[in-house]
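As stored in input-v8.csv (CSV, C-alpha atoms):
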chain,number,residue,atom,x,y,z
A,487,MET,CA,35.1,108.3,68.4
A,488,LYS,CA,36.2,108.6,71.9
A,489,LEU,CA,38.0,111.8,72.7
A,490,ASN,CA,40.8,111.1,75.1
A,491,TYR,CA,41.4,114.7,76.1
A,492,ASP,CA,42.3,116.3,79.4
A,493,SER,CA,39.2,118.5,79.0
A,494,TYR,CA,37.7,121.5,80.8
A,495,ILE,CA,34.4,123.4,80.5
A,496,GLY,CA,34.8,127.1,80.3
A,497,THR,CA,33.3,130.4,79.1
A,498,PHE,CA,34.3,132.1,75.8
A,499,ILE,CA,35.5,135.7,76.4
A,500,ARG,CA,36.9,136.9,73.0
A,501,ARG,CA,38.8,135.9,69.9
A,502,PRO,CA,41.3,138.6,69.0
A,503,ASN,CA,42.4,136.8,65.8
A,504,ARG,CA,41.4,133.6,64.0
A,505,PHE,CA,44.0,131.5,65.8
A,506,ILE,CA,43.5,132.5,69.4
A,507,ALA,CA,40.6,132.6,71.9
A,508,HIS,CA,40.5,133.8,75.5
A,509,ILE,CA,38.6,131.4,77.7
A,510,ASP,CA,37.5,131.7,81.4
A,511,ILE,CA,38.0,128.4,83.3
A,512,ASP,CA,36.9,128.6,86.9
A,513,GLY,CA,37.6,132.3,87.1
A,514,LYS,CA,41.0,132.1,85.4
A,515,GLU,CA,41.5,133.5,81.9
A,516,VAL,CA,43.5,131.2,79.6
A,517,ILE,CA,44.6,131.5,76.0
A,518,SER,CA,43.5,128.8,73.7
A,519,HIS,CA,44.3,127.8,70.1
A,520,VAL,CA,41.3,127.8,67.8
A,521,PRO,CA,41.7,124.8,65.4
A,522,ASN,CA,39.4,126.3,62.8
A,523,THR,CA,40.1,129.3,60.6
A,524,GLY,CA,36.4,129.9,59.8
A,525,ARG,CA,34.5,132.9,61.2
A,526,LEU,CA,32.4,131.0,63.7
A,527,LYS,CA,30.6,134.2,64.5
A,528,GLU,CA,27.3,132.5,65.3
A,529,LEU,CA,29.1,130.2,67.8
A,530,LEU,CA,31.9,132.2,69.5
A,531,ILE,CA,29.7,134.7,71.3
A,532,PRO,CA,30.9,136.2,74.6
A,533,GLY,CA,29.5,134.1,77.4
A,534,ALA,CA,29.1,130.9,75.3
A,535,THR,CA,30.0,127.6,77.1
A,536,VAL,CA,33.0,125.9,75.5
A,537,MET,CA,35.0,122.8,75.9
A,538,VAL,CA,38.8,123.0,75.7
A,539,SER,CA,41.5,120.4,75.9
A,540,HIS,CA,44.7,120.9,77.9
A,541,HIS,CA,48.1,119.9,76.4
A,542,GLN,CA,51.3,120.3,78.5
A,543,SER,CA,54.0,120.8,76.0
A,544,GLU,CA,56.9,123.2,75.6
A,545,LYS,CA,56.5,122.9,71.8
A,546,ARG,CA,53.0,124.5,71.9
A,547,LYS,CA,52.4,128.3,71.9
A,548,THR,CA,49.3,127.7,73.9
A,549,GLN,CA,48.5,124.8,76.3
A,550,TYR,CA,44.8,124.8,75.5
A,551,GLU,CA,42.8,123.8,72.3
A,552,LEU,CA,39.2,125.0,71.8
A,553,ARG,CA,37.3,121.9,70.7
A,554,MET,CA,33.6,122.5,71.2
A,555,VAL,CA,31.0,125.3,71.7
A,556,LYS,CA,27.5,124.9,73.1
A,557,LYS,CA,24.6,126.3,71.1
A,558,ASN,CA,20.9,125.9,71.8
A,559,ASP,CA,21.8,123.3,74.5
A,560,TYR,CA,23.7,121.2,72.0
A,561,TRP,CA,27.5,120.8,71.5
A,562,VAL,CA,29.0,121.8,68.2
A,563,SER,CA,32.5,120.4,67.4
A,564,ILE,CA,34.7,123.1,65.7
A,565,ASP,CA,37.9,121.0,65.4
A,566,SER,CA,38.6,121.2,61.6
A,567,GLN,CA,41.0,118.2,61.9
A,568,LEU,CA,38.3,115.9,63.4
A,569,PRO,CA,36.0,115.4,60.3
A,570,ASN,CA,38.6,113.4,58.4
A,571,ALA,CA,39.0,111.0,61.3
A,572,LEU,CA,35.3,110.8,61.8
A,573,ALA,CA,34.8,110.0,58.1
A,574,HIS,CA,37.5,107.3,58.1
A,575,GLU,CA,35.9,105.7,61.2
A,576,ALA,CA,32.3,105.9,59.8
A,577,ILE,CA,33.4,104.4,56.4
A,578,SER,CA,35.3,101.6,58.1
A,579,ASN,CA,32.3,100.7,60.2
A,580,ASP,CA,29.9,100.8,57.2
A,581,VAL,CA,27.9,103.7,58.7
A,582,ILE,CA,28.0,105.5,55.4
A,583,LYS,CA,26.3,103.0,53.2
A,584,GLU,CA,27.0,104.7,50.0
A,585,LEU,CA,30.7,104.2,50.6
A,586,SER,CA,30.6,100.5,51.7
A,587,GLY,CA,31.9,97.6,49.8
A,588,TYR,CA,35.5,98.8,49.4
A,589,SER,CA,38.3,96.5,50.6
A,590,GLN,CA,40.9,99.2,51.2
A,591,ILE,CA,40.8,102.7,52.7
A,592,ARG,CA,43.7,105.1,52.7
A,593,ARG,CA,44.0,108.6,54.0
A,594,GLU,CA,45.8,111.5,52.3
A,595,ALA,CA,45.8,109.9,48.9
A,596,LYS,CA,47.9,111.6,46.2
A,597,TYR,CA,46.0,112.5,43.0
A,598,GLN,CA,48.1,114.1,40.3
A,599,ASN,CA,49.5,117.3,41.8
A,600,SER,CA,47.2,117.3,44.8
A,601,ARG,CA,45.7,115.1,47.5
A,602,PHE,CA,42.3,113.8,48.5
A,603,ASP,CA,41.3,113.1,52.1
A,604,ILE,CA,40.4,109.5,51.5
A,605,GLU,CA,40.9,106.9,48.8
A,606,LEU,CA,38.7,103.8,48.7
A,607,SER,CA,39.5,100.9,46.4
A,608,LYS,CA,38.6,97.4,45.6
A,609,GLU,CA,40.0,94.9,43.0
A,610,LEU,CA,37.8,93.6,40.3
A,611,SER,CA,38.6,90.8,37.9
A,612,ASN,CA,38.5,91.8,34.2
A,613,SER,CA,37.4,89.7,31.2
A,614,HIS,CA,40.8,88.2,30.9
A,615,GLY,CA,40.6,86.3,34.2
A,616,ASP,CA,42.0,86.6,37.7
A,617,GLN,CA,45.6,87.3,36.7
A,618,ASP,CA,44.7,90.7,35.3
A,619,THR,CA,42.8,92.9,37.7
A,620,LEU,CA,41.4,96.4,37.5
A,621,LYS,CA,41.3,98.5,40.6
A,622,ASN,CA,38.0,100.4,41.3
A,623,ILE,CA,38.9,103.6,43.0
A,624,CYS,CA,36.8,106.2,44.8
A,625,TYR,CA,38.2,109.5,45.9
A,626,VAL,CA,36.6,111.3,48.8
A,627,GLU,CA,37.0,114.9,49.8
A,628,VAL,CA,35.8,115.7,53.4
A,629,LYS,CA,34.5,119.0,54.6
A,630,GLY,CA,33.6,119.7,58.2
A,631,VAL,CA,30.5,121.8,58.7
A,632,THR,CA,29.8,124.0,61.8
A,633,LEU,CA,27.5,126.7,60.5
A,634,GLU,CA,23.8,126.3,61.3
A,635,ARG,CA,20.8,128.6,60.9
A,636,GLU,CA,17.3,127.6,62.0
A,637,GLY,CA,18.1,123.9,62.1
A,638,TRP,CA,19.8,123.8,58.6
A,639,SER,CA,23.5,123.5,58.1
A,640,TYR,CA,25.7,125.4,55.6
A,641,PHE,CA,29.2,125.4,54.2
A,642,PRO,CA,31.4,127.4,54.1
A,643,ASP,CA,31.1,130.1,56.8
A,644,ALA,CA,33.8,132.2,55.0
A,645,PRO,CA,34.8,132.4,51.3
A,646,THR,CA,37.0,129.5,50.4
A,647,GLU,CA,39.1,129.4,47.2
A,648,ARG,CA,40.6,126.2,48.4
A,649,GLY,CA,37.2,124.5,48.7
A,650,ARG,CA,36.4,125.5,45.0
A,651,ARG,CA,39.8,124.0,43.9
A,652,HIS,CA,39.0,120.8,45.7
A,653,ILE,CA,35.7,120.5,43.8
A,654,ASP,CA,37.5,121.1,40.5
A,655,GLU,CA,39.8,118.2,41.3
A,656,LEU,CA,36.8,116.0,42.1
A,657,ILE,CA,35.2,116.9,38.8
A,658,HIS,CA,38.5,116.1,37.0
A,659,ALA,CA,38.7,112.7,38.8
A,660,VAL,CA,35.2,111.8,37.5
A,661,GLN,CA,36.2,112.9,33.9
A,662,GLU,CA,39.2,110.5,34.3
A,663,GLY,CA,36.9,107.6,35.1
A,664,TYR,CA,37.1,107.5,38.9
A,665,ARG,CA,34.3,107.8,41.3
A,666,ALA,CA,34.5,111.0,43.3
A,667,VAL,CA,32.6,112.0,46.5
A,668,LEU,CA,32.2,115.2,48.4
A,669,LEU,CA,31.4,114.2,51.9
A,670,LEU,CA,30.0,116.9,54.3
A,671,ILE,CA,30.5,115.9,58.0
A,672,VAL,CA,28.1,118.1,59.9
A,673,GLN,CA,29.5,118.4,63.4
A,674,LEU,CA,26.2,119.0,65.2
A,675,GLU,CA,23.3,116.6,65.8
A,676,TYR,CA,20.2,118.7,65.2
A,677,ALA,CA,20.9,119.7,61.6
A,678,GLU,CA,17.9,118.7,59.4
A,679,GLY,CA,19.7,119.2,56.1
A,680,PHE,CA,22.6,120.8,54.2
A,681,SER,CA,23.0,123.5,51.6
A,682,PRO,CA,26.0,125.3,50.1
A,683,ASN,CA,26.2,128.8,51.6
A,684,LYS,CA,25.2,131.0,48.7
A,685,ILE,CA,25.1,134.2,50.8
A,686,THR,CA,28.7,134.0,52.0
A,687,ASP,CA,30.4,132.3,49.0
A,688,PRO,CA,28.2,132.3,45.9
A,689,ALA,CA,31.2,131.1,43.8
A,690,PHE,CA,31.5,128.0,46.0
A,691,ALA,CA,27.7,127.3,45.7
A,692,GLU,CA,28.0,127.6,41.9
A,693,LYS,CA,30.9,125.2,41.9
A,694,PHE,CA,29.0,122.8,44.3
A,695,GLU,CA,26.1,122.6,41.8
A,696,GLU,CA,28.5,122.1,38.9
A,697,ALA,CA,30.0,119.2,40.7
A,698,MET,CA,26.6,117.6,41.2
A,699,ASN,CA,25.8,118.1,37.5
A,700,ASN,CA,29.1,116.5,36.5
A,701,GLY,CA,28.9,113.2,38.3
A,702,VAL,CA,30.4,114.0,41.7
A,703,ASP,CA,28.4,112.3,44.5
A,704,VAL,CA,27.5,114.7,47.3
A,705,LEU,CA,26.7,113.2,50.7
A,706,ALA,CA,25.9,115.0,54.0
A,707,TYR,CA,26.0,113.1,57.4
A,708,ARG,CA,25.5,114.6,60.8
A,709,CYS,CA,27.2,113.7,64.1
A,710,LYS,CA,26.3,113.1,67.7
A,711,VAL,CA,28.5,115.4,69.7
A,712,ASN,CA,29.4,115.6,73.4
A,713,PRO,CA,32.6,116.4,75.3
A,714,LYS,CA,33.6,112.8,75.5
A,715,ASN,CA,32.6,111.3,72.2
A,716,VAL,CA,31.8,112.4,68.6
A,717,TRP,CA,30.5,110.0,66.0
A,718,VAL,CA,28.8,110.0,62.6
A,719,THR,CA,25.1,109.0,62.9
A,720,ASP,CA,22.9,109.4,59.9
A,721,LYS,CA,22.4,111.0,56.5
A,722,ILE,CA,20.7,114.3,56.0
A,723,PRO,CA,19.3,115.7,52.7
A,724,VAL,CA,21.4,118.0,50.5
A,725,VAL,CA,19.4,120.9,48.9
A,726,VAL,CA,20.9,123.3,46.4

Encoding of this model in C-alpha coordinates:
Amino acid sequence: MKLNYDSYIGTFIRRPNRFIAHIDIDGKEVISHVPNTGRLKELLIPGATVMVSHHQSEKRKTQYELRMVKKNDYWVSIDSQLPNALAHEAISNDVIKELSGYSQIRREAKYQNSRFDIELSKELSNSHGDQDTLKNICYVEVKGVTLEREGWSYFPDAPTERGRRHIDELIHAVQEGYRAVLLLIVQLEYAEGFSPNKITDPAFAEKFEEAMNNGVDVLAYRCKVNPKNVWVTDKIPVVV
(Lines of atoms letter the chains of each structure in order from A and count residues from 1; the text may use other names and numbers.)
(Lines give C-alpha, C1' and ligand atoms only; values in the text may rest on other atoms or scores of the structure.)
Protein backbone atom coordinates (compact mmCIF):
# COMPACT_ATOMS: atom_id res chain seq x y z
CA MET A 1 0.00 0.00 0.00
CA LYS A 2 1.44 3.30 -1.07
CA LEU A 3 1.36 6.00 1.61
CA ASN A 4 0.58 9.31 -0.02
CA TYR A 5 1.53 11.43 2.95
CA ASP A 6 3.33 14.73 3.17
CA SER A 7 5.83 13.07 5.49
CA TYR A 8 8.75 14.17 7.65
CA ILE A 9 11.43 12.35 9.60
CA GLY A 10 11.89 13.56 13.17
CA THR A 11 12.97 12.61 16.68
CA PHE A 12 10.61 11.57 19.45
CA ILE A 13 10.79 13.79 22.55
CA ARG A 14 7.96 12.77 24.88
CA ARG A 15 4.35 11.56 25.07
CA PRO A 16 2.47 13.46 27.80
CA ASN A 17 -0.68 11.42 27.23
CA ARG A 18 -1.81 8.60 24.99
CA PHE A 19 -3.14 10.93 22.27
CA ILE A 20 -0.24 13.39 21.92
CA ALA A 21 3.49 13.20 21.21
CA HIS A 22 6.11 15.95 20.98
CA ILE A 23 8.42 15.55 18.01
CA ASP A 24 11.56 17.40 16.94
CA ILE A 25 11.63 18.12 13.21
CA ASP A 26 14.79 19.90 12.07
CA GLY A 27 15.17 21.63 15.44
CA LYS A 28 11.52 22.66 15.73
CA GLU A 29 9.29 21.00 18.33
CA VAL A 30 5.85 20.07 16.99
CA ILE A 31 2.86 18.38 18.55
CA SER A 32 1.60 15.25 16.84
CA HIS A 33 -1.46 13.08 17.28
CA VAL A 34 -0.72 9.45 18.15
CA PRO A 35 -3.11 7.17 16.22
CA ASN A 36 -2.67 4.31 18.67
CA THR A 37 -3.92 4.08 22.26
CA GLY A 38 -1.50 1.30 23.19
CA ARG A 39 1.38 1.88 25.57
CA LEU A 40 4.12 1.66 22.90
CA LYS A 41 6.72 1.97 25.66
CA GLU A 42 9.29 -0.15 23.84
CA LEU A 43 8.98 2.09 20.77
CA LEU A 44 8.39 5.64 21.95
CA ILE A 45 11.73 6.16 23.63
CA PRO A 46 13.23 9.68 23.77
CA GLY A 47 15.59 10.04 20.83
CA ALA A 48 13.85 7.44 18.65
CA THR A 49 13.60 8.26 14.94
CA VAL A 50 9.99 8.66 13.82
CA MET A 51 7.99 9.43 10.70
CA VAL A 52 5.10 11.87 10.90
CA SER A 53 2.63 13.04 8.28
CA HIS A 54 1.54 16.66 7.94
CA HIS A 55 -2.10 17.63 7.46
CA GLN A 56 -3.04 21.27 6.96
CA SER A 57 -6.61 21.51 8.26
CA GLU A 58 -8.45 23.81 10.61
CA LYS A 59 -10.60 20.88 11.75
CA ARG A 60 -7.61 19.09 13.28
CA LYS A 61 -6.32 19.80 16.78
CA THR A 62 -2.81 18.96 15.58
CA GLN A 63 -1.34 19.22 12.09
CA TYR A 64 0.87 16.16 12.48
CA GLU A 65 0.18 12.42 12.77
CA LEU A 66 2.76 10.01 14.17
CA ARG A 67 2.88 7.09 11.72
CA MET A 68 6.07 5.10 12.27
CA VAL A 69 8.89 4.55 14.74
CA LYS A 70 12.30 3.12 13.95
CA LYS A 71 13.51 0.22 16.10
CA ASN A 72 16.66 -1.84 15.52
CA ASP A 73 17.13 -0.20 12.09
CA TYR A 74 13.62 -1.27 11.05
CA TRP A 75 10.48 0.80 10.72
CA VAL A 76 7.43 -0.17 12.77
CA SER A 77 4.03 1.17 11.74
CA ILE A 78 1.97 2.27 14.76
CA ASP A 79 -1.10 3.53 12.88
CA SER A 80 -4.00 1.52 14.36
CA GLN A 81 -6.24 2.38 11.38
CA LEU A 82 -3.84 0.94 8.81
CA PRO A 83 -4.14 -2.83 9.52
CA ASN A 84 -7.75 -3.03 8.30
CA ALA A 85 -6.80 -1.44 4.98
CA LEU A 86 -3.72 -3.66 4.71
CA ALA A 87 -5.82 -6.77 5.38
CA HIS A 88 -8.39 -5.72 2.76
CA GLU A 89 -5.65 -5.15 0.19
CA ALA A 90 -3.87 -8.44 0.98
CA ILE A 91 -7.08 -10.48 0.81
CA SER A 92 -8.10 -8.81 -2.45
CA ASN A 93 -4.70 -9.64 -3.96
CA ASP A 94 -4.73 -13.26 -2.70
CA VAL A 95 -1.71 -12.70 -0.48
CA ILE A 96 -3.49 -14.40 2.41
CA LYS A 97 -4.07 -17.80 0.84
CA GLU A 98 -6.29 -19.03 3.67
CA LEU A 99 -8.79 -16.28 2.78
CA SER A 100 -8.78 -16.68 -1.00
CA GLY A 101 -11.66 -17.98 -3.09
CA TYR A 102 -14.33 -15.57 -1.91
CA SER A 103 -16.16 -13.53 -4.53
CA GLN A 104 -17.14 -10.58 -2.35
CA ILE A 105 -15.34 -8.60 0.32
CA ARG A 106 -16.97 -5.98 2.53
CA ARG A 107 -15.57 -3.85 5.33
CA GLU A 108 -17.32 -2.98 8.59
CA ALA A 109 -19.86 -5.79 8.34
CA LYS A 110 -22.73 -5.79 10.82
CA TYR A 111 -23.11 -8.96 12.86
CA GLN A 112 -26.02 -9.02 15.30
CA ASN A 113 -25.37 -6.05 17.64
CA SER A 114 -21.75 -5.54 16.65
CA ARG A 115 -19.49 -5.28 13.60
CA PHE A 116 -16.61 -7.28 12.22
CA ASP A 117 -13.79 -5.61 10.28
CA ILE A 118 -14.27 -7.70 7.12
CA GLU A 119 -16.94 -9.98 5.70
CA LEU A 120 -16.04 -12.42 2.93
CA SER A 121 -18.72 -14.29 1.02
CA LYS A 122 -19.34 -16.53 -1.92
CA GLU A 123 -22.50 -18.06 -3.28
CA LEU A 124 -22.87 -21.82 -3.43
CA SER A 125 -25.62 -23.74 -5.19
CA ASN A 126 -27.59 -26.03 -2.93
CA SER A 127 -29.10 -29.41 -3.73
CA HIS A 128 -32.24 -27.80 -5.19
CA GLY A 129 -30.38 -26.22 -8.10
CA ASP A 130 -29.15 -22.80 -9.14
CA GLN A 131 -32.33 -20.92 -8.29
CA ASP A 132 -31.79 -21.45 -4.57
CA THR A 133 -28.38 -20.42 -3.34
CA LEU A 134 -26.68 -20.49 0.00
CA LYS A 135 -24.19 -17.77 0.89
CA ASN A 136 -20.94 -18.97 2.46
CA ILE A 137 -19.79 -16.22 4.84
CA CYS A 138 -16.50 -15.69 6.66
CA TYR A 139 -16.14 -12.98 9.29
CA VAL A 140 -12.68 -11.55 9.87
CA GLU A 141 -11.60 -9.50 12.87
CA VAL A 142 -8.27 -7.69 12.33
CA LYS A 143 -5.80 -6.74 15.06
CA GLY A 144 -2.73 -4.61 14.42
CA VAL A 145 0.41 -5.76 16.22
CA THR A 146 3.32 -3.46 17.14
CA LEU A 147 4.85 -5.11 20.22
CA GLU A 148 8.04 -7.09 19.65
CA ARG A 149 10.53 -8.71 22.01
CA GLU A 150 13.63 -10.56 20.81
CA GLY A 151 12.20 -11.02 17.32
CA TRP A 152 8.79 -12.30 18.47
CA SER A 153 5.55 -10.31 18.24
CA TYR A 154 2.79 -10.03 20.84
CA PHE A 155 -0.69 -8.60 21.29
CA PRO A 156 -1.93 -6.67 23.16
CA ASP A 157 0.56 -4.23 24.67
CA ALA A 158 -2.11 -3.06 27.15
CA PRO A 159 -5.11 -4.90 28.67
CA THR A 160 -8.02 -4.91 26.23
CA GLU A 161 -11.55 -5.76 27.29
CA ARG A 162 -12.68 -4.80 23.79
CA GLY A 163 -10.32 -7.39 22.27
CA ARG A 164 -11.79 -10.12 24.47
CA ARG A 165 -15.30 -9.11 23.47
CA HIS A 166 -14.38 -9.35 19.78
CA ILE A 167 -13.11 -12.89 20.33
CA ASP A 168 -16.37 -13.85 22.06
CA GLU A 169 -18.21 -12.59 18.98
CA LEU A 170 -16.00 -14.69 16.69
CA ILE A 171 -16.69 -17.78 18.80
CA HIS A 172 -20.42 -17.04 18.63
CA ALA A 173 -20.23 -16.70 14.84
CA VAL A 174 -18.65 -20.16 14.60
CA GLN A 175 -21.39 -21.59 16.80
CA GLU A 176 -23.94 -20.07 14.41
CA GLY A 177 -22.37 -21.91 11.48
CA TYR A 178 -20.18 -19.17 10.00
CA ARG A 179 -16.44 -19.25 9.44
CA ALA A 180 -14.62 -16.82 11.75
CA VAL A 181 -11.01 -15.65 11.54
CA LEU A 182 -8.84 -13.62 13.88
CA LEU A 183 -6.21 -12.00 11.65
CA LEU A 184 -3.11 -10.50 13.26
CA ILE A 185 -1.41 -7.92 11.04
CA VAL A 186 2.11 -7.56 12.44
CA GLN A 187 3.34 -4.11 11.42
CA LEU A 188 7.05 -4.94 11.38
CA GLU A 189 9.01 -7.12 9.01
CA TYR A 190 11.41 -9.00 11.28
CA ALA A 191 8.90 -10.74 13.57
CA GLU A 192 9.55 -14.48 13.49
CA GLY A 193 6.25 -15.46 15.07
CA PHE A 194 3.30 -14.36 17.19
CA SER A 195 1.90 -15.15 20.64
CA PRO A 196 -0.82 -13.61 22.80
CA ASN A 197 0.68 -11.42 25.51
CA LYS A 198 0.12 -13.49 28.65
CA ILE A 199 2.19 -11.14 30.80
CA THR A 200 0.25 -7.96 30.06
CA ASP A 201 -3.22 -9.42 29.54
CA PRO A 202 -3.60 -13.02 30.78
CA ALA A 203 -7.39 -12.81 30.31
CA PHE A 204 -6.93 -12.03 26.60
CA ALA A 205 -4.43 -14.88 26.22
CA GLU A 206 -6.93 -17.27 27.82
CA LYS A 207 -9.70 -16.04 25.52
CA PHE A 208 -7.34 -16.35 22.53
CA GLU A 209 -6.72 -20.02 23.32
CA GLU A 210 -10.45 -20.57 23.86
CA ALA A 211 -11.09 -19.22 20.37
CA MET A 212 -8.57 -21.61 18.81
CA ASN A 213 -10.16 -24.52 20.67
CA ASN A 214 -13.63 -23.52 19.46
CA GLY A 215 -13.08 -23.37 15.72
CA VAL A 216 -11.89 -19.79 15.20
CA ASP A 217 -9.07 -19.68 12.64
CA VAL A 218 -6.13 -17.62 13.86
CA LEU A 219 -3.68 -16.23 11.30
CA ALA A 220 -0.66 -13.96 11.72
CA TYR A 221 0.94 -12.14 8.78
CA ARG A 222 3.84 -9.71 8.93
CA CYS A 223 4.42 -6.61 6.83
CA LYS A 224 7.18 -4.86 4.97
CA VAL A 225 7.34 -1.31 6.31
CA ASN A 226 9.04 1.85 5.08
CA PRO A 227 7.99 5.52 5.11
CA LYS A 228 6.58 5.31 1.58
CA ASN A 229 4.93 1.86 1.54
CA VAL A 230 3.50 -0.78 3.83
CA TRP A 231 2.30 -4.14 2.58
CA VAL A 232 1.52 -7.61 3.91
CA THR A 233 4.19 -10.13 2.94
CA ASP A 234 4.06 -13.56 4.54
CA LYS A 235 2.58 -15.79 7.21
CA ILE A 236 4.33 -16.36 10.53
CA PRO A 237 3.63 -19.09 13.11
CA VAL A 238 1.20 -18.58 15.99
CA VAL A 239 2.30 -20.12 19.28
CA VAL A 240 0.11 -20.15 22.39

Show which residues sit within 10 Å of Ser566 (chain A), as a CSV table (one decimal) with C-alpha atoms, keeping the file's coordinate frame. Count only C-alpha atoms, and ignore same-chain residues fewer than 2 positions away.
chain,number,residue,atom,x,y,z
A,520,VAL,CA,41.3,127.8,67.8
A,521,PRO,CA,41.7,124.8,65.4
A,522,ASN,CA,39.4,126.3,62.8
A,523,THR,CA,40.1,129.3,60.6
A,524,GLY,CA,36.4,129.9,59.8
A,553,ARG,CA,37.3,121.9,70.7
A,563,SER,CA,32.5,120.4,67.4
A,564,ILE,CA,34.7,123.1,65.7
A,568,LEU,CA,38.3,115.9,63.4
A,569,PRO,CA,36.0,115.4,60.3
A,570,ASN,CA,38.6,113.4,58.4
A,629,LYS,CA,34.5,119.0,54.6
A,630,GLY,CA,33.6,119.7,58.2
A,631,VAL,CA,30.5,121.8,58.7
A,632,THR,CA,29.8,124.0,61.8
A,673,GLN,CA,29.5,118.4,63.4

**Request:** Pick out the residues sitting within 12 Å of region 489-503 of chain A, and hand them over as a PyMOL selection string; count all atoms listed in the file, and ignore anything fewer than 6 positions along from it in its own chain.
**Result:** chain A and resi 509-520+522-527+529-542+549-556+561+563+565+568+571-572+711-717

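Take the candidates A:Ser639, A:Thr646, A:Gln661, A:Asn700 and check each one against Val724 (chain A) using all atoms listed in the file; the shortest distance goes to A:Ser639.
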
**Message:** Report as a ChimeraX atom specification all protein, DNA and RNA residues lying within 12 Å of region 578-586 of chain A, evaluated on all atoms listed in the file, omitting residues in the same chain fewer than 2 positions from it.
**Reply:** /A:487,571-576,588-593,604-608,623-626,665-671,703-709,717-722

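Note that the spacing between CA of Tyr597 (chain A) and CA of His658 (chain A) amounts to 10.3 Å.
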